[in-house]
>>> print(open('target_21.txt').read())   # compact mmCIF, C-alpha atoms
# COMPACT_ATOMS: atom_id res chain seq x y z
CA MET A 1 -19.03 -32.15 8.14
CA ASN A 2 -16.37 -34.18 6.45
CA GLN A 3 -13.14 -32.21 6.18
CA PRO A 4 -10.47 -31.87 8.90
CA ILE A 5 -10.36 -28.08 8.39
CA GLN A 6 -14.03 -27.90 9.35
CA ALA A 7 -13.46 -29.74 12.63
CA LEU A 8 -10.47 -27.54 13.39
CA LEU A 9 -12.36 -24.30 12.72
CA ILE A 10 -15.37 -25.42 14.76
CA LEU A 11 -13.05 -26.22 17.66
CA ILE A 12 -11.49 -22.75 17.43
CA PHE A 13 -14.93 -21.11 17.31
CA LEU A 14 -16.06 -23.06 20.37
CA ILE A 15 -13.00 -21.87 22.25
CA ALA A 16 -13.76 -18.31 21.09
CA ILE A 17 -17.35 -18.64 22.37
CA SER A 18 -16.16 -19.92 25.73
CA LYS A 19 -13.77 -16.94 25.94
CA VAL A 20 -16.68 -14.61 25.20
CA PHE A 21 -18.64 -16.20 28.05
CA MET A 22 -15.70 -15.87 30.40
CA ARG A 23 -15.27 -12.21 29.53
CA TYR A 24 -19.00 -11.65 30.05
CA ARG A 25 -18.78 -13.30 33.47
CA SER A 26 -15.83 -11.13 34.45
CA GLU A 27 -17.86 -8.12 33.24
CA ASP A 28 -15.40 -7.13 30.51
CA LEU A 29 -18.22 -7.40 27.97
CA SER A 30 -21.73 -6.00 28.19
CA LEU A 31 -24.73 -8.21 27.45
CA LYS A 32 -25.14 -6.59 24.03
CA GLU A 33 -21.50 -7.14 23.10
CA THR A 34 -21.70 -10.74 24.31
CA VAL A 35 -24.74 -11.45 22.17
CA VAL A 36 -23.14 -9.84 19.10
CA TRP A 37 -19.93 -11.83 19.52
CA ILE A 38 -21.74 -15.13 20.05
CA LEU A 39 -23.93 -14.51 17.02
CA PHE A 40 -20.78 -13.76 15.05
CA TRP A 41 -19.07 -17.03 16.00
CA VAL A 42 -22.23 -19.08 15.57
CA LEU A 43 -22.69 -17.60 12.11
CA ALA A 44 -19.05 -18.39 11.31
CA GLY A 45 -19.72 -21.97 12.50
CA VAL A 46 -22.80 -22.28 10.29
CA VAL A 47 -20.80 -21.10 7.29
CA VAL A 48 -18.11 -23.68 8.02
CA ILE A 49 -20.58 -26.55 8.44
CA GLN A 50 -22.74 -25.53 5.48
CA PRO A 51 -20.39 -23.90 2.97
CA ASN A 52 -23.08 -24.11 0.32
CA LEU A 53 -24.95 -21.37 2.15
CA THR A 54 -22.29 -18.89 1.10
CA ALA A 55 -22.69 -20.02 -2.49
CA ARG A 56 -26.33 -19.03 -2.34
CA VAL A 57 -25.47 -15.65 -0.80
CA ALA A 58 -22.82 -15.20 -3.49
CA GLU A 59 -25.39 -15.86 -6.16
CA MET A 60 -27.76 -13.35 -4.59
CA LEU A 61 -25.05 -10.69 -4.49
CA GLY A 62 -23.72 -11.50 -7.91
CA VAL A 63 -20.31 -12.65 -6.72
CA GLY A 64 -18.77 -15.71 -8.35
CA ARG A 65 -17.96 -18.04 -5.46
CA GLY A 66 -19.13 -18.49 -1.89
CA ALA A 67 -15.62 -18.30 -0.51
CA ASP A 68 -15.13 -14.92 -2.23
CA VAL A 69 -18.17 -13.50 -0.44
CA VAL A 70 -16.70 -14.56 2.89
CA VAL A 71 -13.37 -12.89 2.05
CA TYR A 72 -15.01 -9.67 0.88
CA ILE A 73 -17.25 -9.38 3.92
CA SER A 74 -14.36 -10.23 6.25
CA LEU A 75 -12.26 -7.48 4.70
CA VAL A 76 -14.98 -4.90 5.15
CA VAL A 77 -15.59 -5.96 8.74
CA LEU A 78 -11.86 -5.94 9.54
CA PHE A 79 -11.40 -2.53 7.96
CA PHE A 80 -14.29 -1.20 10.01
CA ILE A 81 -12.87 -2.65 13.23
CA VAL A 82 -9.40 -1.21 12.53
CA PHE A 83 -10.95 2.17 11.82
CA ARG A 84 -12.81 2.09 15.13
CA LEU A 85 -9.65 1.06 16.94
CA VAL A 86 -7.66 3.95 15.45
CA ILE A 87 -10.30 6.43 16.57
CA LYS A 88 -10.43 4.83 20.00
CA ILE A 89 -6.64 5.03 20.39
CA GLU A 90 -6.69 8.70 19.40
CA LYS A 91 -9.31 9.35 22.08
CA LEU A 92 -7.27 7.45 24.66
CA ASN A 93 -4.22 9.49 23.72
CA ARG A 94 -6.12 12.69 24.35
CA GLU A 95 -7.32 11.41 27.71
CA ILE A 96 -3.75 10.51 28.70
CA THR A 97 -2.53 13.96 27.67
CA LYS A 98 -5.26 15.56 29.74
CA VAL A 99 -4.24 13.63 32.85
CA ILE A 100 -0.54 14.36 32.30
CA ARG A 101 -1.36 18.05 31.78
CA GLU A 102 -3.39 18.29 34.95
CA LYS A 103 -0.55 16.71 36.90
CA ALA A 104 1.98 19.07 35.33
CA LEU A 105 -0.08 22.14 36.27
CA LYS A 106 -0.62 21.13 39.86
CA MET B 1 3.60 46.56 32.14
CA LEU B 2 1.98 43.61 30.34
CA MET B 3 2.87 40.14 31.46
CA VAL B 4 4.71 38.53 28.57
CA LEU B 5 5.29 34.80 29.04
CA VAL B 6 7.66 32.88 26.82
CA VAL B 7 6.60 29.23 26.52
CA ILE B 8 9.30 26.76 25.49
CA PRO B 9 8.31 23.14 24.88
CA ALA B 10 11.42 21.01 25.40
CA TYR B 11 12.22 17.36 24.84
CA ASN B 12 15.75 16.10 25.40
CA GLU B 13 17.36 19.52 24.93
CA LYS B 14 19.72 19.69 27.92
CA LEU B 15 22.59 20.91 25.75
CA ARG B 16 20.73 23.84 24.25
CA VAL B 17 17.85 24.87 26.49
CA GLY B 18 20.04 26.76 28.98
CA ARG B 19 21.49 28.99 26.30
CA VAL B 20 18.04 29.68 24.85
CA ILE B 21 16.75 30.76 28.27
CA ARG B 22 19.76 32.98 28.99
CA GLY B 23 19.35 34.55 25.55
CA LEU B 24 15.75 35.45 26.37
CA PHE B 25 16.71 36.88 29.78
CA GLU B 26 19.44 38.99 28.15
CA HIS B 27 16.84 40.53 25.86
CA GLY B 28 14.59 41.42 28.76
CA TYR B 29 12.06 38.58 28.75
CA LYS B 30 12.00 37.63 32.39
CA ASP B 31 9.00 35.29 32.44
CA VAL B 32 10.19 32.11 30.77
CA LEU B 33 8.32 28.82 31.15
CA VAL B 34 9.85 25.56 30.02
CA VAL B 35 7.47 22.64 29.57
CA ASP B 36 9.66 19.58 29.87
CA ASP B 37 7.87 17.00 27.77
CA GLY B 38 9.00 13.87 29.58
CA SER B 39 12.67 14.28 28.64
CA LYS B 40 15.01 11.37 29.28
CA ASP B 41 17.90 13.74 29.96
CA ASP B 42 18.45 16.67 32.36
CA THR B 43 16.49 19.21 30.34
CA ALA B 44 14.39 20.22 33.35
CA LEU B 45 17.45 20.59 35.58
CA GLU B 46 19.33 22.70 33.03
CA ALA B 47 16.27 24.89 32.50
CA GLU B 48 15.89 25.43 36.24
CA LYS B 49 19.59 26.22 36.59
CA ALA B 50 19.26 28.82 33.85
CA GLY B 51 16.45 30.43 35.88
CA ALA B 52 13.30 29.43 34.01
CA LYS B 53 10.08 28.25 35.59
CA VAL B 54 9.80 24.55 34.74
CA ILE B 55 6.77 22.29 34.64
CA LYS B 56 6.97 18.67 33.62
CA HIS B 57 5.02 16.16 31.64
CA GLU B 58 5.59 12.84 33.33
CA ILE B 59 5.67 11.04 29.99
CA ASN B 60 6.34 12.37 26.50
CA ARG B 61 3.17 13.63 24.85
CA GLY B 62 4.46 15.59 21.86
CA GLN B 63 5.11 19.23 21.05
CA GLY B 64 1.47 20.19 20.58
CA ALA B 65 0.61 18.75 23.99
CA ALA B 66 3.53 20.58 25.64
CA LEU B 67 2.53 23.89 24.05
CA GLU B 68 -1.04 23.45 25.24
CA THR B 69 0.18 22.75 28.78
CA GLY B 70 2.24 25.96 28.56
CA ASP B 71 -0.78 27.90 27.29
CA ALA B 72 -2.94 26.46 30.08
CA TYR B 73 -0.33 27.63 32.59
CA ALA B 74 -0.36 31.07 30.94
CA ARG B 75 -4.16 31.27 31.25
CA ASN B 76 -3.93 30.30 34.92
CA VAL B 77 -1.40 33.00 35.76
CA GLY B 78 -3.21 35.59 33.64
CA ALA B 79 -0.48 36.21 31.08
CA GLU B 80 -1.44 38.88 28.57
CA ILE B 81 0.93 37.87 25.81
CA VAL B 82 2.36 34.42 25.15
CA ILE B 83 5.34 33.75 22.93
CA HIS B 84 5.96 30.23 21.59
CA PHE B 85 9.67 29.67 21.23
CA ASP B 86 11.73 26.58 20.42
CA ALA B 87 14.13 24.98 22.91
CA ASP B 88 16.80 23.99 20.42
CA GLY B 89 18.19 27.46 19.79
CA GLN B 90 16.97 27.80 16.23
CA PHE B 91 15.24 31.12 16.88
CA ASN B 92 16.80 34.49 17.53
CA PRO B 93 15.43 36.40 20.56
CA LEU B 94 16.09 39.64 18.65
CA ASP B 95 13.09 38.77 16.44
CA ILE B 96 10.64 39.06 19.33
CA GLU B 97 10.65 42.84 19.79
CA PRO B 98 9.76 43.70 16.14
CA ALA B 99 7.06 41.01 16.21
CA LEU B 100 5.55 42.48 19.39
CA LYS B 101 5.67 45.92 17.81
CA LEU B 102 3.90 44.57 14.72
CA MET B 103 1.24 43.08 16.97
CA ARG B 104 0.65 46.47 18.65
CA ASP B 105 0.80 48.53 15.46
CA LYS B 106 -1.55 46.30 13.49
CA ASN B 107 -3.62 45.44 16.54
CA VAL B 108 -3.79 41.75 15.62
CA ASP B 109 -4.57 38.74 17.82
CA LEU B 110 -1.65 36.62 16.59
CA VAL B 111 1.74 37.00 14.99
CA PHE B 112 3.31 34.10 13.11
CA GLY B 113 7.03 33.93 12.48
CA SER B 114 8.09 33.43 8.88
CA ARG B 115 11.41 32.35 7.41
CA PHE B 116 10.46 33.73 4.02
CA LEU B 117 10.06 37.44 4.70
CA ASP B 118 13.78 38.12 4.64
CA SER B 119 16.86 36.21 3.59
CA ARG B 120 18.55 35.53 6.93
CA SER B 121 17.52 31.87 7.23
CA LYS B 122 19.60 29.33 5.36
CA ILE B 123 16.81 26.89 4.58
CA PRO B 124 17.84 23.48 3.22
CA TRP B 125 16.70 23.35 -0.40
CA GLN B 126 14.47 20.28 0.03
CA LYS B 127 12.56 22.16 2.71
CA LYS B 128 12.44 25.41 0.81
CA TYR B 129 11.25 24.05 -2.51
CA LEU B 130 9.50 20.77 -1.68
CA ILE B 131 8.43 20.19 1.91
CA LEU B 132 7.37 23.69 2.93
CA PRO B 133 5.38 24.43 -0.24
CA ALA B 134 3.60 21.09 0.27
CA ALA B 135 2.98 21.97 3.91
CA ARG B 136 1.56 25.37 2.92
CA TRP B 137 -0.75 23.60 0.51
CA ILE B 138 -1.90 21.16 3.20
CA ASN B 139 -2.58 24.06 5.54
CA PHE B 140 -4.65 25.65 2.80
CA VAL B 141 -6.59 22.45 2.09
CA PHE B 142 -7.42 21.91 5.75
CA THR B 143 -7.95 25.55 6.77
CA GLY B 144 -8.29 27.86 3.77
CA ILE B 145 -5.45 30.04 5.09
CA THR B 146 -2.11 30.52 3.35
CA LEU B 147 0.88 31.93 5.15
CA SER B 148 4.29 32.61 3.66
CA ASP B 149 5.66 29.98 6.06
CA ALA B 150 3.93 26.78 7.09
CA HIS B 151 5.32 25.13 10.17
CA ASN B 152 7.15 27.70 12.16
CA GLY B 153 7.23 27.33 15.94
CA PHE B 154 7.56 31.07 16.53
CA ARG B 155 4.25 32.64 17.42
CA ILE B 156 2.89 35.40 19.59
CA LEU B 157 -0.59 35.12 21.05
CA SER B 158 -2.63 37.93 22.53
CA LYS B 159 -4.83 37.29 25.52
CA LYS B 160 -7.81 36.91 23.20
CA ALA B 161 -5.96 34.40 21.02
CA LEU B 162 -4.81 32.54 24.11
CA SER B 163 -8.41 32.10 25.23
CA LYS B 164 -9.41 30.64 21.84
CA VAL B 165 -6.39 28.57 20.87
CA VAL B 166 -6.66 25.19 22.58
CA PHE B 167 -4.54 22.48 20.97
CA LEU B 168 -6.01 19.00 20.77
CA HIS B 169 -3.30 17.67 18.50
CA ASP B 170 -0.52 16.26 20.65
CA ARG B 171 2.15 16.00 18.00
CA MET B 172 3.06 18.33 15.16
CA ALA B 173 -0.29 18.96 13.53
CA HIS B 174 -0.83 21.91 15.90
CA ASN B 175 0.69 24.14 13.21
CA THR B 176 -2.29 23.42 10.99
CA GLU B 177 -4.71 23.25 13.90
CA ILE B 178 -3.93 26.81 14.98
CA LEU B 179 -4.95 28.08 11.53
CA LYS B 180 -8.25 26.23 11.80
CA ILE B 181 -8.88 27.94 15.13
CA VAL B 182 -7.90 31.33 13.67
CA LYS B 183 -10.37 30.85 10.84
CA LYS B 184 -13.18 29.60 13.04
CA ASN B 185 -12.90 32.45 15.55
CA ASN B 186 -12.09 35.17 13.02
CA LEU B 187 -8.85 35.97 14.80
CA THR B 188 -6.65 38.54 13.10
CA TYR B 189 -3.02 37.82 12.38
CA ALA B 190 0.17 39.10 10.82
CA GLU B 191 3.50 37.59 9.86
CA SER B 192 6.82 38.80 11.14
CA PRO B 193 10.26 37.83 9.80
CA VAL B 194 12.29 35.44 11.92
CA GLU B 195 15.69 33.93 11.47
CA VAL B 196 15.89 30.15 11.74
CA THR B 197 19.31 28.65 12.30
CA TYR B 198 19.32 25.03 11.24
CA LEU B 199 21.03 22.99 13.93
CA ASN B 200 19.17 19.81 13.19
CA TYR B 201 16.94 19.06 10.27
CA GLY B 202 13.64 18.99 12.10
CA GLN B 203 10.76 17.36 10.33
CA GLY B 204 11.37 15.59 7.07
CA LEU B 205 8.95 13.98 4.71
CA SER B 206 7.84 11.16 7.02
CA GLY B 207 7.03 13.72 9.73
CA GLY B 208 4.88 15.44 7.14
CA PHE B 209 2.94 12.29 6.38
CA ARG B 210 2.43 11.73 10.09
CA ILE B 211 0.88 15.20 10.29
CA ILE B 212 -1.51 14.49 7.42
CA LEU B 213 -2.51 11.21 9.06
CA ASP B 214 -3.08 12.98 12.39
CA LEU B 215 -5.26 15.58 10.69
CA ILE B 216 -7.36 12.94 8.96
CA ILE B 217 -7.79 10.82 12.09
CA ALA B 218 -8.72 13.88 14.10
CA SER B 219 -11.43 14.79 11.62
CA PHE B 220 -13.24 11.65 12.79
CA THR B 221 -12.65 12.30 16.48
CA LYS B 222 -14.63 14.69 18.57
>>> encode(input="target_21.txt", output="structure tokens")
Amino acid sequence: MNQPIQALLILIFLIAISKVFMRYRSEDLSLKETVVWILFWVLAGVVVIQPNLTARVAEMLGVGRGADVVVYISLVVLFFIVFRLVIKIEKLNREITKVIREKALK
Amino acid sequence: MLMVLVVIPAYNEKLRVGRVIRGLFEHGYKDVLVVDDGSKDDTALEAEKAGAKVIKHEINRGQGAALETGDAYARNVGAEIVIHFDADGQFNPLDIEPALKLMRDKNVDLVFGSRFLDSRSKIPWQKKYLILPAARWINFVFTGITLSDAHNGFRILSKKALSKVVFLHDRMAHNTEILKIVKKNNLTYAESPVEVTYLNYGQGLSGGFRIILDLIIASFTK
């Protein structure tokens, strides 16, 4: 570890992990979700400390540079999360409508 | 005598809703339900003053949601025929009687109003030649049904149709959704001419895109 950006990112990830713990303690996250999130941040930390790892993955996948692999995977993951959020919001909307309807009909 | 309930979804229509209700009463439709969709103005008050039964959404949920609440009310009170009618005065109550007659004569489950079966409606050209043809095409893509008109709020539902048609789409995609339901349940339908007086433009192109987005999102939601 020899670049300031690495120290900064590791610090942010540690804060993120502590937030995950706090949310687990306050029962906002299930055990499974907590484990997944911690794995995610630890993995991110490993990539930051050992950037060469991504170069090896890039080689395996046939992508030019390690940093590109990270960007591609991040995009896919983000897209997937946004998609899930949109579906979730639609479901919430329907639930709200149901409640409002029941109140209106009373 | 069959119970015919007119369902009017209304959002911020205090200036027009009273006249619409009185127009319906004058033509002999005495059961009028206004679903006030969380209006910020005195829509509910004006509707009550005009003599309609009023139920209220506490917050705005969209036209599809308001229609479904009206239909749910109709199911609860055992209405035999439900008429969907707009609150802004764009429809003519004189069009109801011929549509009801068509429903009886052809013995269909649903009647859809259409602006294109006669020449009374002065349709803005962008709607006539661009937006509505596109909307008809979208209806066809999503449902396999083509009507002469695409998004027309005038409909008549029989008791059978009322039991099958349950709107999940809160906003405007209910116009496409109803065709899906028709197809799925093999409901029979006919189209009856209606006059639409354009007081405000209604849905433009961006509204159309919103509908397509709603339809796509809903296809992933159960």
>>> atom_distance(input="target_21.txt", atom1="atom CA of Leu94 of chain B", atom2="atom CA of Lys122 of chain B")
17.2 Å
>>> atom_distance(input="target_21.txt", atom1="atom CA of Glu27 of chain A", atom2="atom CA of Val82 of chain A")
23.4 Å
>>> interface_residues(input="target_21.txt", of="chain B", to="chain A", cutoff="9 Å", atoms="all atoms listed in the file", output="list of chain:residue names")
B:Val35, B:Ile55, B:Lys56, B:His57, B:Glu58, B:Ile59, B:Arg61, B:Ala65, B:Ala66, B:Glu68, B:Thr69, B:Gly70, B:Ala72, B:Tyr73, B:Leu168, B:His169, B:Asp170, B:Asp214, B:Ile217, B:Ala218, B:Phe220, B:Thr221, B:Lys222
>>> atom_distance(input="target_21.txt", atom1="atom CA of Asn52 of chain A", atom2="atom CA of Leu78 of chain A")
23.3 Å
>>> residues_around(input="target_21.txt", residues="Ile15 of chain A", least_positions_apart="5", cutoff="12 Å", atoms="all atoms listed in the file", output="list in words")
Leu8, Leu9, Ile10, Val20, Phe21, Met22, Ile38, Trp41, Val42 and Gly45 of chain A
>>> closest_residue(input="target_21.txt", among="B:Leu199, B:Ala87, B:Leu102, B:Leu15", to="Val32 of chain B", atoms="all atoms listed in the file")
B:Ala87
>>> residues_near_point(input="target_21.txt", point="(10.9, 25.0, 2.9)", cutoff="12 Å", atoms="only C-alpha atoms", output="compact mmCIF listing (two decimals) with C-alpha atoms, in the frame of the given file")
# COMPACT_ATOMS: atom_id res chain seq x y z
CA SER B 114 8.09 33.43 8.88
CA ARG B 115 11.41 32.35 7.41
CA PHE B 116 10.46 33.73 4.02
CA SER B 121 17.52 31.87 7.23
CA LYS B 122 19.60 29.33 5.36
CA ILE B 123 16.81 26.89 4.58
CA PRO B 124 17.84 23.48 3.22
CA TRP B 125 16.70 23.35 -0.40
CA GLN B 126 14.47 20.28 0.03
CA LYS B 127 12.56 22.16 2.71
CA LYS B 128 12.44 25.41 0.81
CA TYR B 129 11.25 24.05 -2.51
CA LEU B 130 9.50 20.77 -1.68
CA ILE B 131 8.43 20.19 1.91
CA LEU B 132 7.37 23.69 2.93
CA PRO B 133 5.38 24.43 -0.24
CA ALA B 134 3.60 21.09 0.27
CA ALA B 135 2.98 21.97 3.91
CA ARG B 136 1.56 25.37 2.92
CA TRP B 137 -0.75 23.60 0.51
CA SER B 148 4.29 32.61 3.66
CA ASP B 149 5.66 29.98 6.06
CA ALA B 150 3.93 26.78 7.09
CA HIS B 151 5.32 25.13 10.17
CA ASN B 152 7.15 27.70 12.16
CA VAL B 196 15.89 30.15 11.74
CA TYR B 198 19.32 25.03 11.24
CA TYR B 201 16.94 19.06 10.27
CA GLY B 202 13.64 18.99 12.10
CA GLN B 203 10.76 17.36 10.33
CA GLY B 204 11.37 15.59 7.07
CA LEU B 205 8.95 13.98 4.71
>>> residues_around(input="target_21.txt", residues="Gly153 of chain B", least_positions_apart="3", cutoff="8 Å", atoms="only C-alpha atoms", output="count of residues only")
5
>>> axis_aligned_box(input="target_21.txt", around="segment 24-30 of chain B", padding_each_side="3 Å", output="AutoDock Vina command-line options")
--center_x 15.7 --center_y 38.4 --center_z 29.1 --size_x 13.4 --size_y 12.0 --size_z 12.5
>>> residues_around(input="target_21.txt", residues="Thr143 of chain B", least_positions_apart="3", cutoff="6 Å", atoms="all atoms listed in the file", output="VMD selection string")
chain B and resid 139 to 140 180
